[in-house]
$ cat target-v2.tsv   # TSV, C-alpha atoms
chain	number	residue	atom	x	y	z
A	151	MET	CA	105.82	205.47	31.78
A	152	GLN	CA	102.36	206.03	30.33
A	153	PHE	CA	102.66	209.83	30.29
A	154	ILE	CA	105.91	209.78	28.28
A	155	GLN	CA	104.49	207.15	25.95
A	156	ARG	CA	101.45	209.33	25.31
A	157	ALA	CA	103.66	212.36	24.81
A	158	LEU	CA	105.84	210.61	22.25
A	159	LEU	CA	103.19	208.56	20.48
A	160	THR	CA	102.33	211.27	17.96
A	161	ILE	CA	105.94	211.99	17.00
A	162	VAL	CA	106.76	208.28	16.72
A	163	LEU	CA	103.83	207.74	14.37
A	164	ALA	CA	104.58	210.90	12.40
A	165	GLY	CA	108.20	209.95	11.76
A	166	SER	CA	110.01	212.49	9.62
A	167	ALA	CA	106.88	213.71	7.88
A	168	SER	CA	106.18	216.29	10.58
A	169	ALA	CA	107.67	217.50	13.81
A	170	PRO	CA	105.09	217.71	16.61
A	171	VAL	CA	105.99	219.28	19.92
A	172	ILE	CA	106.20	217.25	23.13
A	173	ALA	CA	103.58	218.76	25.40
A	174	ALA	CA	105.12	220.12	28.58
A	175	ASP	CA	102.26	218.99	30.81
A	176	ARG	CA	102.78	215.39	29.68
A	177	LEU	CA	106.44	215.39	30.62
A	178	SER	CA	106.58	217.08	33.97
A	179	ALA	CA	105.32	220.18	35.67
A	180	ASP	CA	108.95	221.39	35.69
A	181	TYR	CA	109.72	220.76	32.01
A	182	HIS	CA	108.99	223.55	29.54
A	183	GLU	CA	109.05	223.23	25.76
A	184	PRO	CA	111.41	225.73	24.10
A	185	ARG	CA	110.13	228.62	22.08
A	186	GLY	CA	110.31	228.54	18.32
A	187	GLY	CA	107.61	226.08	17.35
A	188	GLN	CA	107.94	222.49	16.28
A	189	THR	CA	111.16	220.52	16.11
A	190	ALA	CA	112.16	217.08	14.86
A	191	LEU	CA	111.89	213.98	17.00
A	192	VAL	CA	115.64	213.62	17.49
A	193	ASP	CA	116.01	217.27	18.50
A	194	GLN	CA	113.22	216.87	21.04
A	195	ALA	CA	114.79	213.65	22.31
A	196	LYS	CA	118.14	215.35	22.90
A	197	ARG	CA	116.54	218.22	24.79
A	198	PHE	CA	114.36	216.01	26.97
A	199	SER	CA	117.31	213.67	27.66
A	200	ALA	CA	119.54	216.58	28.69
A	201	TRP	CA	116.82	217.86	31.04
A	202	ASN	CA	116.46	214.41	32.64
A	203	VAL	CA	120.21	213.93	33.10
A	204	ALA	CA	120.47	217.36	34.72
A	205	ARG	CA	117.74	216.45	37.21
A	206	MET	CA	119.42	213.10	37.94
A	207	LEU	CA	122.67	214.80	39.00
A	208	GLY	CA	121.04	215.42	42.37
A	209	ASP	CA	121.29	211.67	43.04
A	210	PRO	CA	124.76	211.08	44.58
A	211	GLN	CA	124.91	207.54	43.17
A	212	PHE	CA	124.24	208.75	39.66
A	213	ALA	CA	126.79	211.57	39.99
A	214	ARG	CA	129.45	209.13	41.27
A	215	ALA	CA	128.73	206.65	38.47
A	216	LEU	CA	129.03	209.44	35.92
A	217	ASP	CA	132.29	210.69	37.40
A	218	LYS	CA	133.77	207.18	37.30
A	219	ARG	CA	132.76	206.60	33.68
A	220	LEU	CA	134.06	209.96	32.46
A	221	ALA	CA	137.41	209.61	34.18
A	222	GLY	CA	138.89	207.83	31.14
A	223	GLU	CA	140.31	209.32	27.97
A	224	ASP	CA	137.09	209.03	25.93
A	225	LYS	CA	135.15	211.43	28.18
A	226	ALA	CA	131.90	209.84	26.99
A	227	VAL	CA	129.57	207.03	28.00
A	228	MET	CA	126.41	205.54	26.55
A	229	LEU	CA	123.43	206.49	28.71
A	230	ASP	CA	122.18	202.92	28.97
A	231	THR	CA	125.57	201.76	30.29
A	232	LEU	CA	125.62	204.60	32.79
A	233	LEU	CA	122.11	203.84	34.02
A	234	ASP	CA	123.08	200.19	34.59
A	235	ASP	CA	125.89	201.37	36.89
A	236	VAL	CA	123.44	202.93	39.34
A	237	ARG	CA	122.46	199.97	41.52
A	238	GLN	CA	120.20	201.72	44.03
A	239	PRO	CA	118.80	204.77	42.26
A	240	SER	CA	116.47	207.25	43.86
A	241	ALA	CA	112.83	207.19	42.80
A	242	GLN	CA	113.38	210.20	40.54
A	243	THR	CA	116.48	208.65	38.96
A	244	LYS	CA	114.66	205.38	38.30
A	245	ALA	CA	111.74	207.21	36.68
A	246	SER	CA	114.10	209.25	34.53
A	247	ALA	CA	116.06	206.13	33.56
A	248	ASP	CA	112.86	204.48	32.33
A	249	LYS	CA	112.05	207.54	30.21
A	250	LEU	CA	115.57	207.67	28.74
A	251	ARG	CA	115.60	204.00	27.77
A	252	PHE	CA	112.18	204.35	26.18
A	253	LEU	CA	113.30	207.45	24.33
A	254	ASP	CA	116.47	205.77	23.07
A	255	GLN	CA	114.37	202.96	21.63
A	256	ARG	CA	112.03	205.40	19.90
A	257	VAL	CA	114.94	207.32	18.39
A	258	ARG	CA	116.46	204.13	16.99
A	259	GLU	CA	113.11	203.10	15.55
A	260	HIS	CA	112.63	206.55	14.04
A	261	LYS	CA	116.06	206.36	12.39
A	262	ALA	CA	115.32	202.79	11.14
A	263	ILE	CA	118.32	201.25	12.93
A	264	ALA	CA	116.67	199.47	15.87
A	265	ARG	CA	117.83	196.18	14.31
A	266	ASP	CA	121.40	197.39	13.90
A	267	SER	CA	121.99	199.23	17.18
A	268	LYS	CA	121.12	198.66	20.84
A	269	ASN	CA	121.81	202.19	22.14
A	270	LEU	CA	122.30	205.66	20.69
A	271	LEU	CA	122.02	208.24	23.47
A	272	GLU	CA	125.24	209.24	25.21
A	273	VAL	CA	126.57	211.78	27.68
A	274	ARG	CA	130.03	213.28	27.25
A	275	LEU	CA	132.12	215.78	29.13
A	276	TYR	CA	133.31	218.95	27.45
A	277	THR	CA	136.39	220.41	29.12
A	278	PRO	CA	137.94	223.75	28.10
A	279	ARG	CA	141.26	223.65	26.29
A	280	GLY	CA	144.20	224.08	28.60
A	281	SER	CA	142.27	222.97	31.68
A	282	ASP	CA	144.02	220.82	34.26
A	283	ALA	CA	143.41	217.21	33.23
A	284	ALA	CA	143.95	216.04	36.81
A	285	ALA	CA	141.27	218.35	38.20
A	286	ARG	CA	137.97	216.51	38.46
A	287	PRO	CA	134.84	218.68	38.22
A	288	ASP	CA	131.96	218.14	40.62
A	289	MET	CA	129.51	216.32	38.35
A	290	SER	CA	126.53	217.26	40.48
A	291	LYS	CA	127.09	220.97	39.80
A	292	LEU	CA	127.64	220.86	36.03
A	293	LEU	CA	125.25	222.23	33.44
A	294	VAL	CA	123.87	219.72	30.93
A	295	ALA	CA	123.63	220.93	27.32
A	296	TYR	CA	122.57	219.48	23.99
A	297	ALA	CA	123.22	220.42	20.36
A	298	PRO	CA	120.49	222.79	19.13
A	299	ALA	CA	118.20	222.17	16.18
A	300	GLY	CA	118.79	223.79	12.81
A	301	LYS	CA	121.91	224.72	10.90
A	302	ARG	CA	125.14	224.90	12.86
A	303	SER	CA	126.12	228.02	10.94
A	304	GLU	CA	123.08	229.80	12.41
A	305	TRP	CA	123.40	228.72	16.04
A	306	SER	CA	123.76	231.61	18.49
A	307	ASP	CA	122.86	230.03	21.84
A	308	VAL	CA	123.19	226.56	23.33
A	309	GLU	CA	120.52	225.69	25.86
A	310	ALA	CA	121.71	223.97	29.04
A	311	PHE	CA	119.97	222.81	32.22
A	312	ASP	CA	121.02	222.98	35.84
A	313	GLN	CA	120.16	220.44	38.53
A	314	LEU	CA	116.78	222.11	39.11
A	315	GLY	CA	115.88	221.83	35.43
A	316	GLN	CA	116.23	225.55	34.88
A	317	VAL	CA	117.55	226.86	31.57
A	318	GLN	CA	120.93	228.54	31.17
A	319	LEU	CA	122.06	229.89	27.77
A	320	LEU	CA	125.64	229.36	26.58
A	321	ASP	CA	127.32	230.95	23.58
A	322	ALA	CA	127.30	228.56	20.62
A	323	ARG	CA	130.40	230.06	19.01
A	324	THR	CA	132.55	230.75	22.05
A	325	PRO	CA	133.47	227.63	24.05
A	326	PRO	CA	132.58	227.93	27.74
A	327	ALA	CA	135.33	228.44	30.32
A	328	MET	CA	133.93	225.69	32.56
A	329	PRO	CA	133.24	221.96	32.00
A	330	VAL	CA	129.81	221.11	30.58
A	331	LEU	CA	128.02	217.79	30.18
A	332	ILE	CA	126.55	217.25	26.71
A	333	VAL	CA	123.77	214.77	26.01
A	334	GLY	CA	123.09	213.65	22.46
A	335	ILE	CA	123.40	211.00	19.79
A	336	ASN	CA	126.55	208.89	19.69
A	337	ALA	CA	127.47	209.77	16.12
A	338	ARG	CA	129.97	206.92	15.76
A	339	GLU	CA	127.37	204.28	16.64
A	340	ASP	CA	124.69	206.05	14.62
A	341	MET	CA	126.94	206.07	11.55
A	342	ARG	CA	127.98	202.44	11.94
A	343	ALA	CA	124.41	201.22	12.20
A	344	GLY	CA	123.12	203.60	9.55
A	345	MET	CA	125.73	202.62	6.97
A	346	ALA	CA	124.90	198.95	7.54
A	347	TYR	CA	121.21	199.65	6.94
A	348	VAL	CA	121.74	201.77	3.82
A	349	ASN	CA	124.15	199.32	2.17
A	350	ARG	CA	121.78	196.44	2.92
A	351	SER	CA	118.92	198.39	1.35
A	352	LEU	CA	120.96	199.29	-1.74
A	353	ARG	CA	121.85	195.63	-2.26
A	354	ALA	CA	118.18	194.68	-1.94
A	355	ALA	CA	117.29	197.32	-4.54
A	356	GLY	CA	119.85	195.93	-6.98
A	357	LEU	CA	122.03	199.04	-6.76
A	358	GLN	CA	125.03	197.46	-5.05
A	359	SER	CA	127.07	194.46	-6.17
A	360	ALA	CA	128.12	191.72	-3.79
A	361	PRO	CA	131.51	192.51	-2.24
A	362	PRO	CA	134.38	190.86	-4.11
A	363	LYS	CA	135.84	187.67	-2.71
A	364	ILE	CA	139.54	186.96	-2.66
A	365	ALA	CA	140.14	183.53	-4.10
A	366	PRO	CA	143.18	181.54	-2.91
A	367	LYS	CA	146.19	181.58	-5.19
A	368	THR	CA	147.22	178.45	-7.02
A	369	ALA	CA	150.57	177.39	-8.41
A	370	SER	CA	149.30	177.76	-11.99
A	371	SER	CA	147.65	181.18	-11.50
A	372	MET	CA	149.38	183.25	-8.84
A	373	ALA	CA	147.34	186.41	-9.51
A	374	ALA	CA	143.93	184.87	-10.21
A	375	GLY	CA	142.42	186.02	-6.92
A	376	ASP	CA	143.90	189.53	-6.75
A	377	ILE	CA	141.45	192.45	-6.58
A	378	ASP	CA	142.04	195.81	-8.21
A	379	THR	CA	141.17	198.76	-5.93
A	380	THR	CA	141.82	202.43	-5.32
A	381	ARG	CA	143.09	203.37	-1.88
A	382	LEU	CA	142.66	206.60	0.05
A	383	ASP	CA	146.17	207.42	1.30
A	384	ARG	CA	145.59	210.92	2.63
A	385	VAL	CA	142.62	213.22	3.24
A	386	SER	CA	142.06	216.62	4.84
A	387	LEU	CA	139.16	219.04	5.14
A	388	ALA	CA	139.42	222.81	4.87
A	389	ASN	CA	136.33	223.44	6.95
A	390	SER	CA	133.93	221.41	9.08
A	391	GLN	CA	132.43	224.30	11.12
A	392	GLU	CA	131.90	222.14	14.19
A	393	SER	CA	130.71	223.93	17.30
A	394	TRP	CA	132.14	223.02	20.70
A	395	VAL	CA	128.83	221.38	21.59
A	396	SER	CA	128.88	219.14	18.50
A	397	GLY	CA	132.21	217.47	19.09
A	398	ALA	CA	134.15	215.80	16.29
A	399	ALA	CA	132.72	215.47	12.80
A	400	GLU	CA	131.59	212.07	11.50
A	401	VAL	CA	132.08	211.65	7.75
A	402	PHE	CA	130.95	209.07	5.22
A	403	ALA	CA	131.47	208.67	1.48
A	404	ILE	CA	129.16	207.51	-1.28
A	405	VAL	CA	131.07	205.81	-4.09
A	406	SER	CA	129.05	205.62	-7.30
A	407	GLY	CA	129.18	204.68	-10.94
A	408	VAL	CA	127.71	202.16	-13.40
A	409	GLN	CA	127.48	198.43	-12.82
A	410	PRO	CA	129.77	196.34	-15.05
A	411	ASP	CA	127.20	193.93	-16.47
A	412	GLN	CA	123.86	195.76	-16.58
A	413	ALA	CA	122.30	199.19	-17.08
A	414	LYS	CA	122.10	200.08	-13.40
A	415	ALA	CA	123.83	202.50	-11.11
A	416	GLU	CA	126.26	201.16	-8.51
A	417	LEU	CA	126.25	202.79	-5.07
A	418	SER	CA	128.27	201.98	-1.97
A	419	VAL	CA	128.30	203.88	1.33
A	420	VAL	CA	131.70	203.92	3.05
A	421	ASP	CA	132.27	204.94	6.66
A	422	MET	CA	135.25	207.22	7.42
A	423	PRO	CA	135.43	207.06	11.23
A	424	TYR	CA	138.85	208.68	11.56
A	425	LEU	CA	137.98	211.96	9.81
A	426	ASP	CA	137.19	214.11	12.84
A	427	TYR	CA	138.53	217.64	12.42
A	428	ALA	CA	139.25	220.20	9.72
A	429	GLY	CA	142.83	221.32	9.17
A	430	THR	CA	144.24	217.89	10.01
A	431	ALA	CA	145.72	215.47	7.48
A	432	TYR	CA	144.65	211.85	7.98
A	433	THR	CA	146.44	208.88	6.41
A	434	PRO	CA	143.92	206.02	6.62
A	435	ASN	CA	145.14	203.74	3.78
A	436	GLN	CA	141.46	202.90	3.31
A	437	ILE	CA	140.18	201.07	0.25
A	438	MET	CA	137.48	203.24	-1.34
A	439	VAL	CA	136.75	201.61	-4.71
A	440	PHE	CA	136.56	197.95	-5.70
A	441	TRP	CA	136.89	198.20	-9.47
A	442	SER	CA	135.23	194.88	-10.21
A	443	SER	CA	131.92	196.62	-9.37
A	444	TYR	CA	132.29	199.53	-11.84
A	445	ARG	CA	132.10	199.78	-15.63
A	446	TYR	CA	134.45	202.00	-17.64
A	447	GLY	CA	137.07	202.01	-14.87
A	448	ALA	CA	135.65	205.21	-13.39
A	449	ALA	CA	133.66	206.17	-10.28
A	450	ASN	CA	132.66	209.17	-8.18
A	451	ILE	CA	133.49	209.72	-4.50
A	452	GLN	CA	131.29	212.17	-2.57
A	453	LEU	CA	131.79	213.11	1.08
A	454	PHE	CA	129.00	213.93	3.53
A	455	GLU	CA	128.86	214.67	7.23
A	456	HIS	CA	126.67	212.77	9.67
A	457	ASP	CA	123.47	214.50	10.75
A	458	ASP	CA	121.69	213.55	13.99
A	459	ASN	CA	118.29	213.74	12.31
A	460	THR	CA	119.08	211.35	9.46
A	461	ASN	CA	116.39	208.71	8.93
A	462	TYR	CA	118.35	205.95	7.21
A	463	LYS	CA	115.29	204.33	5.69
A	464	ASP	CA	114.35	207.62	4.07
A	465	LEU	CA	117.94	208.11	2.92
A	466	ALA	CA	118.12	204.65	1.34
A	467	VAL	CA	114.77	205.11	-0.41
A	468	ALA	CA	115.71	208.60	-1.61
A	469	LEU	CA	119.01	207.37	-3.04
A	470	SER	CA	117.37	204.44	-4.83
A	471	GLN	CA	114.44	206.42	-6.22
A	472	SER	CA	116.42	209.49	-7.22
A	473	VAL	CA	119.08	207.54	-9.08
A	474	SER	CA	116.50	205.37	-10.82
A	475	ALA	CA	114.30	208.35	-11.75
A	476	ILE	CA	117.11	210.44	-13.23
A	477	LEU	CA	118.76	207.63	-15.13
A	478	GLY	CA	115.65	205.68	-16.13
A	479	VAL	CA	116.40	203.03	-18.70
A	480	PHE	CA	119.68	204.27	-20.10
A	481	ALA	CA	122.13	203.08	-22.69
A	482	PRO	CA	125.31	202.67	-20.66
A	483	SER	CA	127.88	205.31	-21.54
A	484	TYR	CA	130.80	207.01	-19.85
A	485	ALA	CA	128.74	210.19	-19.39
A	486	VAL	CA	126.25	208.40	-17.14
A	487	ILE	CA	128.84	208.26	-14.34
A	488	GLY	CA	128.47	211.99	-13.70
A	489	GLN	CA	124.68	211.76	-13.86
A	490	VAL	CA	124.73	209.20	-11.04
A	491	ALA	CA	126.63	211.68	-8.83
A	492	THR	CA	124.11	214.39	-9.68
A	493	ALA	CA	121.25	212.08	-8.72
A	494	ILE	CA	122.89	211.40	-5.35
A	495	LEU	CA	123.14	215.12	-4.57
A	496	GLN	CA	119.49	215.60	-5.51
A	497	ALA	CA	118.47	212.74	-3.22
A	498	MET	CA	120.02	214.33	-0.14
A	499	PRO	CA	117.94	216.50	2.23
A	500	ALA	CA	117.59	220.06	0.92
A	501	GLY	CA	119.05	221.51	4.13
A	502	TRP	CA	122.38	219.82	3.41
A	503	PHE	CA	122.99	222.27	0.56
A	504	SER	CA	121.68	225.52	2.08
A	505	ASN	CA	124.79	227.23	3.45
A	506	ASP	CA	125.42	224.34	5.82
A	507	ASP	CA	128.25	221.83	6.10
A	508	ASP	CA	126.59	218.41	5.92
A	509	TYR	CA	127.64	218.16	2.28
A	510	ILE	CA	131.43	218.26	2.17
A	511	ASP	CA	132.72	217.68	-1.37
A	512	SER	CA	132.62	215.63	-4.58
A	513	PHE	CA	135.38	213.93	-6.57
A	514	TYR	CA	134.03	213.17	-10.02
A	515	THR	CA	135.26	210.50	-12.42
A	516	ILE	CA	138.07	208.95	-10.42
A	517	GLU	CA	139.80	206.59	-12.85
A	518	ARG	CA	141.05	203.07	-12.32
A	519	GLY	CA	144.83	202.70	-12.11
A	520	ARG	CA	145.48	206.43	-11.76
A	521	THR	CA	147.21	208.22	-8.87
A	522	TYR	CA	145.72	211.49	-7.59
A	523	GLU	CA	148.16	213.53	-5.52
A	524	ASN	CA	146.69	216.31	-3.33
A	525	HIS	CA	143.58	216.28	-5.50
A	526	ARG	CA	140.96	218.90	-4.58
A	527	GLY	CA	137.25	218.24	-4.77
A	528	ALA	CA	134.73	220.21	-6.82
A	529	ALA	CA	133.67	222.25	-3.76
A	530	ASN	CA	137.32	222.92	-2.84
A	531	ASN	CA	136.70	221.75	0.73
A	532	ALA	CA	138.42	218.36	0.74
A	533	THR	CA	141.84	217.32	-0.54
A	534	VAL	CA	142.75	213.67	-1.14
A	535	THR	CA	145.60	211.51	-2.31
A	536	LEU	CA	144.39	208.34	-4.04
A	537	SER	CA	146.51	205.54	-5.47
A	538	PRO	CA	145.98	202.18	-7.21
A	539	TYR	CA	146.23	199.25	-4.84
A	540	LEU	CA	146.19	195.55	-5.68
A	541	LEU	CA	144.57	193.58	-2.91
A	542	ARG	CA	146.53	190.34	-2.94
A	543	ALA	CA	144.92	186.92	-2.64
A	544	GLN	CA	145.90	184.82	0.36
$ encode --input "target-v2.tsv" --output "structure tokens"
Amino acid sequence: MQFIQRALLTIVLAGSASAPVIAADRLSADYHEPRGGQTALVDQAKRFSAWNVARMLGDPQFARALDKRLAGEDKAVMLDTLLDDVRQPSAQTKASADKLRFLDQRVREHKAIARDSKNLLEVRLYTPRGSDAAARPDMSKLLVAYAPAGKRSEWSDVEAFDQLGQVQLLDARTPPAMPVLIVGINAREDMRAGMAYVNRSLRAAGLQSAPPKIAPKTASSMAAGDIDTTRLDRVSLANSQESWVSGAAEVFAIVSGVQPDQAKAELSVVDMPYLDYAGTAYTPNQIMVFWSSYRYGAANIQLFEHDDNTNYKDLAVALSQSVSAILGVFAPSYAVIGQVATAILQAMPAGWFSNDDDYIDSFYTIERGRTYENHRGAANNATVTLSPYLLRAQ
């Protein structure tokens, strides 16, 4: 493993500050770095992982294990789980497995979620719409692709590898007519771990109140422990621009406002794991705002899409510093609520607001106790129905 460790050492140390290239001669004589200069660590990891998986398909045991795992409805499996299934791997498969596990660890460290997640890399099966579900493709003959770097709106080609490690180019906008394996980041796990890290960091920075506790009711005070909230009853997106190689969208919300008892912003990151596709109405009945944490009975709700390259430590620091810098020492007022939302947008990576779709929409000044029916966001991309909801004490 020394050659892959040497190859990755510079990008691990550099983190998100720069994007060095993995030298081809340190990976394998058969592996060639793509044209186009330097890319981010996660983008390199996806490409190198896809190349390794493609080469491993020549091992019948690996191909059988993959076929068995992808026979279910999910059509996806974590790479570490898959590698554990191969009991007697070939020498090449074992060497590739070591590289993939090492790379998974480095990606989690880079994204600051090694403490919160054990695995991130996955392989999933893309099947064309209308294909026979009962027909099982020969795994050993499939191409292995990965989501390209850069803005999805600018993708033209998707690079894929065959069993010999040779490159085949697929159309990024037109889904292929044959099944394709896709190696990448498990966005659901990445989001879960990342949201845990960011919320923990916001609490440590004094920008998030402790979650409310429901106190038991008593005979003398039946409503003493009830909690006033706002619930998301319905949500839909007009556009998510997901390519076939990206799979379903993964969306999260940042709820923000002013803390009730001090001159500080209040931020909470909320996962929305059900919100997968544009043009579909979802009815999650999800609590979005706990009003005990917000002054003036008003808060903002802003929606963002998961990005594979997100470094959650950088995101948490950017949110904390940007909000604090813009607000400074302020005299609490109703107008500050909107300034908090502006600070959040300024804290996000610049690429999220450059004709791309990682920023979805903003709902400013959502008020306590008010119902919002088919309410459109400021960017006119998301529509929500919100209603007051009293969370009853036990």
$ residues_around --input "target-v2.tsv" --residues "Met289 of chain A" --least-positions-apart "3" --cutoff "9 Å" --atoms "all atoms listed in the file" --output "number ranges by chain"
A: 207, 213-214, 216-217, 286, 292-293, 331
$ write_last_selection --input "target-v2.tsv" --atoms "C-alpha atoms" --output "PDB file, keeping the file's coordinate frame"
ATOM      1  CA  LEU A 207     122.670 214.800  39.000  1.00  0.00           C
ATOM      2  CA  ALA A 213     126.790 211.570  39.990  1.00  0.00           C
ATOM      3  CA  ARG A 214     129.450 209.130  41.270  1.00  0.00           C
ATOM      4  CA  LEU A 216     129.030 209.440  35.920  1.00  0.00           C
ATOM      5  CA  ASP A 217     132.290 210.690  37.400  1.00  0.00           C
ATOM      6  CA  ARG A 286     137.970 216.510  38.460  1.00  0.00           C
ATOM      7  CA  LEU A 292     127.640 220.860  36.030  1.00  0.00           C
ATOM      8  CA  LEU A 293     125.250 222.230  33.440  1.00  0.00           C
ATOM      9  CA  LEU A 331     128.020 217.790  30.180  1.00  0.00           C
TER      10      LEU A 331
END
$ closest_residue --input "target-v2.tsv" --among "A:Leu541, A:Met206, A:Val473, A:Leu495" --to "Tyr509 of chain A" --atoms "only C-alpha atoms"
A:Leu495
$ closest_atom_pairs --input "target-v2.tsv" --of "segment 343-440 of chain A" --to "segment 270-283 of chain A" --cutoff "9 Å" --atoms "only C-alpha atoms" --output "Markdown table"
| residue | atom | partner | partner_atom | distance |
| --- | --- | --- | --- | --- |
| A:Trp394 | CA | A:Tyr276 | CA | 8.0 |
| A:Val395 | CA | A:Tyr276 | CA | 7.8 |
| A:Gly397 | CA | A:Tyr276 | CA | 8.6 |
$ write_last_selection --input "target-v2.tsv" --atoms "C-alpha atoms" --output "short mmCIF file (atom, residue, chain, number, x, y, z; two decimals), in the frame of the given file"
data_model
loop_
_atom_site.label_atom_id
_atom_site.label_comp_id
_atom_site.auth_asym_id
_atom_site.auth_seq_id
_atom_site.Cartn_x
_atom_site.Cartn_y
_atom_site.Cartn_z
CA TRP A 394 132.14 223.02 20.70
CA VAL A 395 128.83 221.38 21.59
CA GLY A 397 132.21 217.47 19.09
#
$ closest_residue --input "target-v2.tsv" --among "A:Lys268, A:Leu382, A:Ala310, A:Thr535" --to "Arg197 of chain A" --atoms "only C-alpha atoms"
A:Ala310
$ atom_distance --input "target-v2.tsv" --atom1 "atom CA of Met498 of chain A" --atom2 "atom CA of Tyr424 of chain A"
22.9 Å
$ atom_distance --input "target-v2.tsv" --atom1 "atom CA of Gly488 of chain A" --atom2 "atom CA of Ala428 of chain A"
27.1 Å
